[in-house]
file target.cif (mmCIF, C-alpha atoms)
data_upload
loop_
_atom_site.label_atom_id
_atom_site.label_comp_id
_atom_site.auth_asym_id
_atom_site.auth_seq_id
_atom_site.Cartn_x
_atom_site.Cartn_y
_atom_site.Cartn_z
CA LEU P 18 26.34 -14.66 20.73
CA ILE P 19 25.01 -17.96 19.40
CA VAL P 20 21.48 -17.10 20.56
CA PHE P 21 21.70 -13.71 18.82
CA MET P 22 22.92 -15.31 15.57
CA VAL P 23 20.10 -17.87 15.62
CA ALA P 24 17.52 -15.14 16.28
CA SER P 25 18.90 -13.09 13.38
CA LEU P 26 18.74 -16.07 11.02
CA VAL P 27 15.13 -16.79 12.04
CA ALA P 28 14.18 -13.14 11.41
CA VAL P 29 15.70 -13.27 7.93
CA ALA P 30 13.93 -16.55 7.21
CA LEU P 31 10.58 -15.09 8.24
CA ALA P 32 10.91 -11.96 6.09
CA THR P 33 8.43 -11.93 3.20
CA HIS P 34 9.14 -9.86 0.09
CA GLY P 35 6.73 -8.38 -2.42
CA VAL P 36 6.15 -5.56 -4.87
CA ASP P 37 3.63 -2.84 -5.59
CA VAL P 38 2.83 -1.69 -9.12
CA SER P 39 1.05 1.22 -10.76
CA GLN P 40 1.18 -0.12 -14.31
CA GLN P 41 0.30 -3.23 -16.29
CA CYS P 42 2.34 -6.28 -15.34
CA LEU P 43 1.85 -9.53 -17.28
CA PRO P 44 1.69 -13.10 -15.92
CA ASN P 45 5.21 -14.03 -17.10
CA SER P 46 6.58 -11.04 -15.20
CA TRP P 47 4.80 -12.17 -12.04
CA SER P 48 6.15 -15.68 -12.51
CA CYS P 49 9.64 -14.23 -12.81
CA LEU P 50 9.11 -12.14 -9.68
CA ARG P 51 7.92 -15.23 -7.82
CA ASP P 52 11.02 -17.12 -8.95
CA ASN P 53 13.11 -14.25 -7.57
CA GLY P 54 11.57 -14.55 -4.13
CA PHE P 55 8.69 -12.06 -4.26
CA THR P 56 5.41 -13.53 -3.05
CA PHE P 57 2.94 -10.67 -2.56
CA ALA P 58 1.61 -7.88 -4.75
CA ILE P 59 -0.18 -4.58 -4.13
CA ILE P 60 -1.89 -3.15 -7.21
CA ARG P 61 -3.01 0.45 -7.82
CA CYS P 62 -6.73 0.61 -8.62
CA HIS P 63 -7.52 4.35 -8.32
CA THR P 64 -5.25 7.12 -9.56
CA SER P 65 -4.31 10.56 -8.26
CA GLY P 66 -6.24 11.96 -11.21
CA GLY P 67 -9.46 10.88 -9.55
CA GLY P 68 -10.41 7.90 -11.69
CA ARG P 69 -10.24 4.15 -11.93
CA ASP P 70 -6.93 2.62 -12.98
CA SER P 71 -7.71 0.71 -16.17
CA ASN P 72 -4.81 -1.69 -15.56
CA CYS P 73 -6.03 -2.75 -12.14
CA PRO P 74 -8.37 -5.73 -12.68
CA HIS P 75 -6.23 -7.65 -15.15
CA THR P 76 -3.04 -6.90 -13.25
CA ILE P 77 -4.69 -8.46 -10.19
CA TYR P 78 -5.65 -11.49 -12.31
CA ASN P 79 -2.12 -11.67 -13.68
CA ALA P 80 -0.55 -11.51 -10.23
CA TRP P 81 -2.57 -14.50 -9.08
CA ASP P 82 -1.92 -16.35 -12.35
CA GLY P 83 1.80 -15.66 -11.98
CA GLY P 84 1.93 -17.34 -8.60
CA MET P 85 1.61 -14.58 -6.01
CA SER P 86 0.52 -15.85 -2.59
CA HIS P 87 -1.22 -12.60 -1.57
CA VAL P 88 -2.64 -9.77 -3.69
CA ASP P 89 -3.88 -6.44 -2.30
CA ALA P 90 -5.16 -3.24 -3.92
CA TYR P 91 -4.45 0.41 -3.20
CA ILE P 92 -6.20 3.67 -3.86
CA PHE P 93 -4.38 6.94 -4.54
CA PRO P 94 -7.18 9.40 -3.74
CA CYS P 95 -7.77 12.82 -5.24
CA PRO P 96 -8.98 15.28 -2.58
CA THR P 97 -9.27 18.13 -5.11
CA CYS P 98 -11.21 16.34 -7.86
CA GLY P 99 -14.69 17.26 -6.69
CA SER P 100 -15.87 13.91 -5.36
CA SER P 101 -15.77 12.93 -1.70
CA GLY P 102 -13.36 10.47 -0.18
CA TYR P 103 -16.33 8.25 0.57
CA ASP P 104 -17.40 8.18 -3.08
CA GLN P 105 -13.87 7.52 -4.36
CA VAL P 106 -13.40 4.57 -2.04
CA MET P 107 -16.84 3.16 -2.84
CA ASP P 108 -16.21 3.55 -6.56
CA THR P 109 -12.92 1.67 -6.24
CA ILE P 110 -14.55 -1.15 -4.28
CA ASN P 111 -17.41 -1.33 -6.80
CA TYR P 112 -14.83 -1.44 -9.61
CA LEU P 113 -13.07 -4.39 -7.98
CA ASN P 114 -16.38 -6.14 -7.41
CA GLU P 115 -17.52 -5.58 -11.00
CA TYR P 116 -14.48 -7.53 -12.19
CA ASN P 117 -14.77 -10.13 -9.41
CA CYS P 118 -11.26 -9.27 -8.26
CA ASN P 119 -9.89 -11.36 -5.45
CA TYR P 120 -7.88 -9.14 -3.10
CA GLY P 121 -6.97 -9.14 0.55
CA MET P 122 -6.66 -5.55 1.72
CA LEU P 123 -7.41 -2.09 0.38
CA TRP P 124 -4.64 0.37 1.22
CA PHE P 125 -5.12 4.15 1.35
CA ASP P 126 -2.11 5.86 -0.26
CA ILE P 127 -1.85 9.17 1.60
CA GLU P 128 1.15 11.09 0.27
CA GLY P 129 2.17 14.15 -1.72
CA PRO P 130 1.24 17.27 0.28
CA GLU P 131 0.99 19.15 -3.01
CA TYR P 132 -2.11 17.09 -3.90
CA TRP P 133 -3.89 17.91 -0.66
CA GLN P 134 -5.56 20.88 1.03
CA THR P 135 -5.55 22.21 4.59
CA GLN P 136 -5.05 19.73 7.40
CA ALA P 137 -8.62 20.22 8.59
CA GLU P 138 -9.99 19.55 5.09
CA ASN P 139 -7.66 16.59 4.69
CA GLN P 140 -8.78 15.05 7.96
CA GLU P 141 -12.41 15.39 6.90
CA PHE P 142 -11.67 13.84 3.51
CA VAL P 143 -9.74 10.89 4.98
CA ASN P 144 -12.39 10.34 7.61
CA SER P 145 -14.96 10.00 4.83
CA MET P 146 -12.67 7.44 3.13
CA LEU P 147 -12.49 5.54 6.38
CA HIS P 148 -16.28 5.44 6.74
CA ALA P 149 -16.60 4.05 3.21
CA ALA P 150 -14.17 1.24 3.97
CA ILE P 151 -16.01 0.45 7.20
CA ASP P 152 -19.41 0.50 5.48
CA ALA P 153 -18.12 -1.78 2.72
CA GLY P 154 -16.52 -4.17 5.20
CA VAL P 155 -13.11 -4.24 3.52
CA HIS P 156 -9.81 -4.87 5.29
CA LEU P 157 -8.11 -1.50 5.44
CA GLY P 158 -4.46 -0.45 5.62
CA VAL P 159 -2.60 2.86 5.27
CA TYR P 160 0.40 3.71 3.10
CA ASN P 161 2.29 6.67 4.49
CA SER P 162 5.47 7.94 6.10
CA ARG P 163 6.21 10.53 8.75
CA SER P 164 7.43 13.08 6.18
CA GLN P 165 4.04 12.88 4.43
CA TRP P 166 1.66 12.38 7.35
CA ASP P 167 2.70 15.42 9.37
CA PRO P 168 2.16 18.06 6.64
CA ILE P 169 -0.99 16.39 5.24
CA MET P 170 -2.81 15.27 8.37
CA GLY P 171 -0.98 17.01 11.21
CA SER P 172 1.52 15.47 13.63
CA GLY P 173 -1.18 15.10 16.30
CA CYS P 174 -3.66 13.26 14.07
CA THR P 175 -4.04 9.57 14.97
CA MET P 176 -7.36 8.74 13.26
CA LEU P 177 -5.99 5.77 11.28
CA SER P 178 -3.55 4.35 13.81
CA ASP P 179 -5.77 1.33 14.52
CA TYR P 180 -5.10 0.08 10.99
CA PRO P 181 -1.98 -1.61 9.54
CA LEU P 182 0.79 0.72 8.38
CA TRP P 183 2.79 0.35 5.17
CA TYR P 184 5.53 2.95 5.27
CA ALA P 185 8.13 4.11 2.77
CA HIS P 186 11.82 4.68 3.35
CA TYR P 187 14.11 4.05 0.42
CA ASP P 188 17.18 2.97 2.33
CA GLY P 189 17.50 -0.37 0.53
CA GLU P 190 17.21 -2.24 3.82
CA ASP P 191 14.57 -4.92 4.35
CA ASN P 192 14.22 -4.31 8.07
CA TYR P 193 12.34 -1.95 10.39
CA ASP P 194 15.41 -0.57 12.17
CA ASP P 195 14.79 2.89 10.69
CA PHE P 196 11.16 3.19 11.81
CA VAL P 197 10.23 6.21 13.94
CA PRO P 198 6.69 6.27 15.42
CA PHE P 199 4.23 8.82 14.00
CA GLY P 200 0.50 9.34 13.61
CA GLY P 201 -0.21 7.03 16.54
CA TRP P 202 1.58 4.06 14.95
CA THR P 203 4.20 2.44 17.14
CA HIS P 204 5.18 -0.32 14.73
CA PRO P 205 4.82 -0.91 10.97
CA ASN P 206 3.40 -3.84 9.05
CA ILE P 207 5.07 -3.40 5.65
CA LYS P 208 8.09 -1.37 4.55
CA GLN P 209 8.64 -0.08 1.02
CA TYR P 210 12.43 0.00 0.91
CA ASP P 211 13.18 0.76 -2.74
CA GLY P 212 11.26 2.35 -5.60
CA ASP P 213 11.06 2.58 -9.38
CA VAL P 214 12.91 -0.67 -9.98
CA ASP P 215 12.75 -2.38 -13.38
CA LEU P 216 12.51 -6.06 -12.54
CA CYS P 217 11.31 -8.98 -14.64
CA GLY P 218 10.06 -6.56 -17.30
CA CYS P 219 7.83 -4.64 -14.93
CA GLY P 220 8.28 -1.35 -13.06
CA VAL P 221 7.90 -2.09 -9.35
CA ASP P 222 8.58 -0.83 -5.84
CA LEU P 223 10.16 -3.30 -3.42
CA ASN P 224 8.54 -4.15 -0.09
CA PHE P 225 8.85 -6.57 2.78
CA TYR P 226 7.08 -7.58 5.95
CA GLN P 227 8.07 -9.69 8.92
#
call {"tool": "encode", "arguments": {"input": "target.cif", "output": "structure tokens"}}
result
Amino acid sequence: LIVFMVASLVAVALATHGVDVSQQCLPNSWSCLRDNGFTFAIIRCHTSGGGRDSNCPHTIYNAWDGGMSHVDAYIFPCPTCGSSGYDQVMDTINYLNEYNCNYGMLWFDIEGPEYWQTQAENQEFVNSMLHAAIDAGVHLGVYNSRSQWDPIMGSGCTMLSDYPLWYAHYDGEDNYDDFVPFGGWTHPNIKQYDGDVDLCGCGVDLNFYQ
């Protein structure tokens, strides 16, 4: 019993909390988030409308200025906007480079079956995104969940399973006890456990990793 309690306390101590944002968030908000125990940020830099997110560069600056230990970026692609997945990823990376943004990983946000096409077309589109990330040499991760992956990509598709998984399940629990393998992933890297939270004057989703 004592060993179990010690192991549980160590797991809690090692949990790292952060937020993702899809809007402007100012330095004082990031400082407040840091003071409330959040130490990493993931910032949207490409929108589902198919264009660059104008808030992205300065929100990345603000996150660093506010004391975040790690800052990543994510792209919400638009498979029906007329440009390839490759071009959308390259445009996002060029955008970040133009503003000299310092970021760790670029996450692909693959969700919302209503935004996508047939599974075959979706697989082709995502594969082109993957090749762009590889060509650009960025560190890649995937935001998804089983309820989104299966209808968009197909339950048998495992093309991105070699990359870190950030999954969503709004159960309010900062643990992985709820995780069910899918898409070739057998364990997650980040969990988004609550969404649309107004915290420190900024609209955020809550995440953790361990």
call {"tool": "resolve_selection", "arguments": {"input": "target.cif", "expression": "the PyMOL selection byres ((chain P and resi 89-95) around 8)", "output": "list of chain:residue names"}}
result
P:Ala58, P:Ile59, P:Ile60, P:Arg61, P:Cys62, P:His63, P:Thr64, P:Ser65, P:Gly66, P:Gly67, P:His87, P:Val88, P:Pro96, P:Thr97, P:Cys98, P:Gly102, P:Gln105, P:Val106, P:Thr109, P:Tyr120, P:Gly121, P:Met122, P:Leu123, P:Trp124, P:Phe125, P:Asp126, P:Ile127, P:Tyr132, P:Trp133
call {"tool": "atom_distance", "arguments": {"input": "target.cif", "atom1": "CA of Phe55 (chain P)", "atom2": "CA of Asn72 (chain P)"}}
result
20.4 Å
call {"tool": "resolve_selection", "arguments": {"input": "target.cif", "expression": "the PyMOL selection byres ((chain P and resi 139) around 10)", "output": "list in words"}}
result
Pro96, Gly102, Ile127, Pro130, Trp133, Gln134, Thr135, Gln136, Ala137, Glu138, Gln140, Glu141, Phe142, Val143, Asn144, Ser145, Ile169, Met170 and Gly171 of chain P
call {"tool": "write_last_selection", "arguments": {"input": "target.cif", "atoms": "C-alpha atoms", "output": "tab-separated table (two decimals), in the frame of the given file"}}
result
chain	number	residue	atom	x	y	z
P	96	PRO	CA	-8.98	15.28	-2.58
P	102	GLY	CA	-13.36	10.47	-0.18
P	127	ILE	CA	-1.85	9.17	1.60
P	130	PRO	CA	1.24	17.27	0.28
P	133	TRP	CA	-3.89	17.91	-0.66
P	134	GLN	CA	-5.56	20.88	1.03
P	135	THR	CA	-5.55	22.21	4.59
P	136	GLN	CA	-5.05	19.73	7.40
P	137	ALA	CA	-8.62	20.22	8.59
P	138	GLU	CA	-9.99	19.55	5.09
P	140	GLN	CA	-8.78	15.05	7.96
P	141	GLU	CA	-12.41	15.39	6.90
P	142	PHE	CA	-11.67	13.84	3.51
P	143	VAL	CA	-9.74	10.89	4.98
P	144	ASN	CA	-12.39	10.34	7.61
P	145	SER	CA	-14.96	10.00	4.83
P	169	ILE	CA	-0.99	16.39	5.24
P	170	MET	CA	-2.81	15.27	8.37
P	171	GLY	CA	-0.98	17.01	11.21
call {"tool": "closest_residue", "arguments": {"input": "target.cif", "among": "P:Asp37, P:Asp195, P:Glu131, P:Asp152", "to": "Cys219 (chain P)", "atoms": "only C-alpha atoms"}}
result
P:Asp37
call {"tool": "residues_around", "arguments": {"input": "target.cif", "residues": "Ser178 (chain P)", "least_positions_apart": "6", "cutoff": "9 Å", "atoms": "all atoms listed in the file", "output": "list in words"}}
result
Val159, Phe199, Gly200, Gly201, Trp202 and Thr203 of chain P
call {"tool": "closest_residue", "arguments": {"input": "target.cif", "among": "P:Met107, P:Ala185, P:Cys49, P:Val36", "to": "Asp82 (chain P)", "atoms": "only C-alpha atoms"}}
result
P:Cys49
call {"tool": "resolve_selection", "arguments": {"input": "target.cif", "expression": "the PyMOL selection byres ((chain P and resi 189) around 6)", "output": "compact mmCIF listing (two decimals) with C-alpha atoms, in the frame of the given file"}}
result
# COMPACT_ATOMS: atom_id res chain seq x y z
CA TYR P 187 14.11 4.05 0.42
CA ASP P 188 17.18 2.97 2.33
CA GLU P 190 17.21 -2.24 3.82
CA TYR P 210 12.43 0.00 0.91
CA ASP P 211 13.18 0.76 -2.74
call {"tool": "residues_around", "arguments": {"input": "target.cif", "residues": "Ala80 (chain P)", "least_positions_apart": "3", "cutoff": "8 Å", "atoms": "only C-alpha atoms", "output": "number ranges by chain"}}
result
P: 42-44, 47, 58, 76-77, 83-85, 88
call {"tool": "closest_residue", "arguments": {"input": "target.cif", "among": "P:Asp191, P:Asp215, P:Glu128, P:Asp179", "to": "Asp167 (chain P)", "atoms": "only C-alpha atoms"}}
result
P:Glu128
call {"tool": "closest_residue", "arguments": {"input": "target.cif", "among": "P:Gly212, P:Gly54, P:Pro198, P:Gly99", "to": "Trp166 (chain P)", "atoms": "all atoms listed in the file"}}
result
P:Pro198
call {"tool": "axis_aligned_box", "arguments": {"input": "target.cif", "around": "region 177-181 of chain P", "padding_each_side": "8 Å", "output": "lines of an AutoDock Vina configuration file"}}
result
center_x = -4.0
center_y = 2.1
center_z = 12.0
size_x = 20.0
size_y = 23.4
size_z = 21.0
